[in-house]
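Scroll down for the structure; my scribbles are underneath it.
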Amino acid sequence: ISTIYLPFVSAGNTQFLYWSIGLITSILFFLSVLAHEMAHSFVARRAGIGIKEVTLYVFGGLAHLEREPENAIDEFKIAIAGPTASFLVAALFYLLSLALTAIDSAGAVSNTFSKAFLHIGYVNFLLACFNMLPGFPMDGGRVLRAVIWYKKKDFNQATKVSFRTGFAIAITMILVGLYISIVDLDRLTGLWSVITGVMLIKLLQNALPQHIVGKTEQFRKPSPSILLNLETSGKKASDLMRKEFVSFQPSESIESFLRKLPQVEEQKVFPVVSSRRLHGFVSRELQTPSPQTISSIMNPVSTEQFVESDAQENECRRKLSNNGLGAIVVIDRDGYVVGFITNSDLSRKY
């Protein structure tokens with residue numbers, strides 16, 4: 001920025017000015033990438049999901065969620081928040097550039113700042129576009145997974161598709177980078193493309209244990225075949241369930257249900273239980289208070305909503321994918337409710 005870009009677009013200034021504005025531009029770009037990741041974090045926290053850490057890479061950053069979203073809507077909101085923030089930051093710096101030009105078009109300092117702001121806006125626009133590529137670990141990959149998950153009601157299928165497209169994008173970037181370096185002799189751009197592709201593959205490798213369940217020993221030396229040949233661990237429902245969860249009584253009013261929701265932000269759906277027996281499920285998406293009871297709005301009990309405690313993991317996953325709730329209840333041999341399993345519970349077990 002200080003030695004190539006600014007002297008080219010705003011010639012005739014001192015090296016001190018170029019380096020000063022170059023430093024400011026770099027800091028502002030760092031903060032704009034941080035804003036992208038903080039947007040993810042803010043929406044995730046609103047959905048009751050914590051953020052373990054944020055890692056910054058050459059093409060952006062990655063917010064590490066403590067657990068997976070429990071439904072496709074939350075997944076979509078969290079994923080789209082980052083690119084949205086980057087597009088807004090791009091628009092902000094573009095407008096600042098126009099404003100500086102309009103106020104003092106002849107001033108050397110304001111003109112240089114105007115070009116720097118234009119550069120930040122352009123880079124943020126490219127960052128948002130890059131992150132919207134439809135494959136993991138980019139935000140577009142999570143958006144793709146959310147859409148497939150919402151339509152197919154199958155978290156695992158959506159995850160596999162997103163990982164495959166992410167792997168294809170990474171390989172494409174490596175091949176394009178090699179072509180640019182060898183044929184076009186643009187080694188800097190080619191090297192950037194190759195490094196980015198390799199980093200994407202590394203991120204896919206690191207993300208596999210969180211998103212796709214397979215043999216744990218395979219994760220140490222992952223290969224494309226992992227994405228095609230998934231297996232479960234052989235655990236039973238009693239090994240996977242959580243014993244502490246929030247449930248409601250069928251006779252409880254909807255107004256009471258809505259009052260309690262802010263205290264249990266991490267849970268998205270709730271079993272309706274009476275005398276330790278499952279009566280149905282109710283979702284937190286309900287917004288309108290009503291004098292009616294929960295029994296009038298709950299999903300009635302179906303066999304896809306519960307498993308026995310000795311059920312195998314593959315049966316739990318099948319019902320989680322098919323019932324449209326992203327959650328199942330675990331019952332004992334007498335039919336009493338003893339546990340609760342969500343998609344995020346299965347992710348945390350690995």
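Residue names in the structure tokens use chain letters A, B, ... in the order shown, residue numbers from 1 in each chain, and ligand numbers from 1 in the order shown.
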
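For stretch 118-324 of chain A, backbone-based DSSP labels the following residues as strand (DSSP E or B): Lys236, Arg242, Phe248, Ser253, Val269, Phe270, Pro271, Val272, Val273, Ser274, Arg277, Leu278, His279, Gly280, Phe281, Val282, Ser283, Thr293, Asn299, Pro300, Phe306, Val307, Glu308 and Gln312 of chain A.
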
For the selection you just gave me, I'd like the residues written to a file as a compact mmCIF listing (two decimals), in the first residue's frame, keeping N, CA, C and O atoms.
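Okay, this is what ended up in again.txt:
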# COMPACT_ATOMS: atom_id res chain seq x y z
N LYS A 236 -24.57 -45.87 22.03
CA LYS A 236 -26.01 -45.98 22.23
C LYS A 236 -26.58 -44.62 22.67
O LYS A 236 -25.82 -43.71 23.05
N ARG A 242 -28.07 -36.00 26.92
CA ARG A 242 -27.85 -35.15 28.08
C ARG A 242 -29.00 -35.40 29.06
O ARG A 242 -30.15 -35.56 28.65
N PHE A 248 -41.50 -28.69 29.35
CA PHE A 248 -42.69 -27.97 29.81
C PHE A 248 -43.85 -28.94 30.00
O PHE A 248 -43.89 -30.02 29.40
N SER A 253 -49.36 -22.50 30.37
CA SER A 253 -49.86 -21.52 29.42
C SER A 253 -48.76 -21.08 28.44
O SER A 253 -47.57 -21.14 28.77
N VAL A 269 -35.80 -26.29 20.92
CA VAL A 269 -37.07 -27.02 21.00
C VAL A 269 -37.16 -27.68 22.38
O VAL A 269 -36.13 -27.98 22.99
N PHE A 270 -38.39 -27.89 22.83
CA PHE A 270 -38.58 -28.36 24.20
C PHE A 270 -39.56 -29.53 24.24
O PHE A 270 -40.65 -29.46 23.65
N PRO A 271 -39.19 -30.62 24.91
CA PRO A 271 -40.15 -31.70 25.10
C PRO A 271 -41.29 -31.24 26.00
O PRO A 271 -41.09 -30.46 26.93
N VAL A 272 -42.48 -31.72 25.70
CA VAL A 272 -43.64 -31.49 26.57
C VAL A 272 -43.84 -32.79 27.34
O VAL A 272 -44.15 -33.84 26.75
N VAL A 273 -43.64 -32.72 28.66
CA VAL A 273 -43.59 -33.93 29.48
C VAL A 273 -44.55 -33.80 30.65
O VAL A 273 -44.64 -32.74 31.28
N SER A 274 -45.26 -34.87 30.93
CA SER A 274 -46.15 -34.92 32.10
C SER A 274 -46.04 -36.32 32.71
O SER A 274 -46.11 -37.32 31.98
N ARG A 277 -43.79 -38.75 31.08
CA ARG A 277 -44.16 -39.30 29.77
C ARG A 277 -44.10 -38.19 28.73
O ARG A 277 -44.52 -37.05 28.99
N LEU A 278 -43.63 -38.51 27.53
CA LEU A 278 -43.55 -37.54 26.44
C LEU A 278 -44.93 -37.33 25.83
O LEU A 278 -45.61 -38.28 25.44
N HIS A 279 -45.34 -36.06 25.72
CA HIS A 279 -46.61 -35.71 25.11
C HIS A 279 -46.44 -35.01 23.76
O HIS A 279 -47.40 -34.90 23.00
N GLY A 280 -45.24 -34.48 23.48
CA GLY A 280 -44.99 -33.79 22.23
C GLY A 280 -43.81 -32.86 22.34
O GLY A 280 -43.01 -32.94 23.29
N PHE A 281 -43.69 -31.95 21.36
CA PHE A 281 -42.61 -30.96 21.35
C PHE A 281 -43.19 -29.58 21.05
O PHE A 281 -44.21 -29.47 20.36
N VAL A 282 -42.52 -28.56 21.58
CA VAL A 282 -42.90 -27.19 21.28
C VAL A 282 -41.63 -26.41 20.94
O VAL A 282 -40.57 -26.64 21.53
N SER A 283 -41.73 -25.49 19.96
CA SER A 283 -40.56 -24.74 19.49
C SER A 283 -40.54 -23.34 20.08
O SER A 283 -41.60 -22.75 20.33
N THR A 293 -53.05 -23.18 26.25
CA THR A 293 -52.00 -23.97 26.89
C THR A 293 -51.06 -24.55 25.83
O THR A 293 -51.38 -24.57 24.63
N ASN A 299 -46.33 -30.09 18.85
CA ASN A 299 -46.34 -31.18 17.88
C ASN A 299 -46.71 -32.47 18.60
O ASN A 299 -46.07 -32.81 19.60
N PRO A 300 -47.73 -33.18 18.15
CA PRO A 300 -48.11 -34.41 18.84
C PRO A 300 -47.01 -35.46 18.75
O PRO A 300 -46.15 -35.41 17.86
N PHE A 306 -38.68 -39.94 19.57
CA PHE A 306 -38.05 -40.56 20.73
C PHE A 306 -37.35 -41.86 20.33
O PHE A 306 -37.66 -42.46 19.29
N VAL A 307 -36.38 -42.24 21.15
CA VAL A 307 -35.70 -43.52 21.01
C VAL A 307 -35.56 -44.13 22.39
O VAL A 307 -35.57 -43.42 23.39
N GLU A 308 -35.41 -45.44 22.45
CA GLU A 308 -35.11 -46.08 23.73
C GLU A 308 -33.64 -45.91 24.06
O GLU A 308 -32.81 -45.67 23.18
N GLN A 312 -29.20 -47.65 18.90
CA GLN A 312 -27.89 -47.37 18.34
C GLN A 312 -27.81 -45.94 17.82
O GLN A 312 -28.82 -45.31 17.52

Mind running stretch 127-173 of chain A against stretch 83-105 of chain A at 12 Å and telling me each contacting residue's nearest atom pair with the distance in Å (one decimal), counting only C-alpha atoms, chain and number ascending, as a tab-separated table?
residue	atom	partner	partner_atom	distance
A:Leu127	CA	A:Ser86	CA	7.1
A:Ala128	CA	A:Pro83	CA	4.6
A:Cys129	CA	A:Pro83	CA	7.5
A:Phe130	CA	A:Pro83	CA	9.0
A:Asn131	CA	A:Pro83	CA	6.7
A:Met132	CA	A:Pro83	CA	7.0
A:Leu133	CA	A:Pro83	CA	10.7
A:Met138	CA	A:Pro83	CA	9.9
A:Asp139	CA	A:Pro83	CA	7.4
A:Gly140	CA	A:Pro83	CA	8.7
A:Arg142	CA	A:Pro83	CA	11.7
A:Val143	CA	A:Pro83	CA	10.7

Legend entry - Using only C-alpha atoms: which of A:Ala168, A:Val337, A:Ala237, A:Cys316 has the shortest distance to A:Pro137: A:Ala168

Legend entry - Contacts of A:Met38 within 12 Å, only C-alpha atoms, excl. fewer than 4 positions in-chain, as a PyMOL selection string: chain A and resi 31-34+42-45+50-51+53-56+61-65+78-79+81-86

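Between A:Leu118 and the residues A:Thr159, A:Tyr5, A:Phe30, A:Ser181, the shortest atom-to-atom distance, using only C-alpha atoms, involves A:Tyr5.
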
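Closest to A:Ser295 among A:Glu266, A:Leu258, A:Gln205, A:Gln249 is A:Gln249, based on only C-alpha atoms.
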
Inset, instruction - Rank A:Asn13, A:Asn124, A:Asn156, A:Ser41 by their smallest atom-to-atom distance to A:Val109, using only C-alpha atoms, and report the top residue only. - result: A:Asn13

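The gap separating atom CA of A:Gln267 from atom CA of A:Asn323 is 16.7 Å, in Å to one decimal.
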
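Distance annotation: of A:Ser251, A:Arg317, A:Asp332, A:Thr342, the residue with the minimal separation from A:Arg276 is A:Asp332; atom set is only C-alpha atoms.
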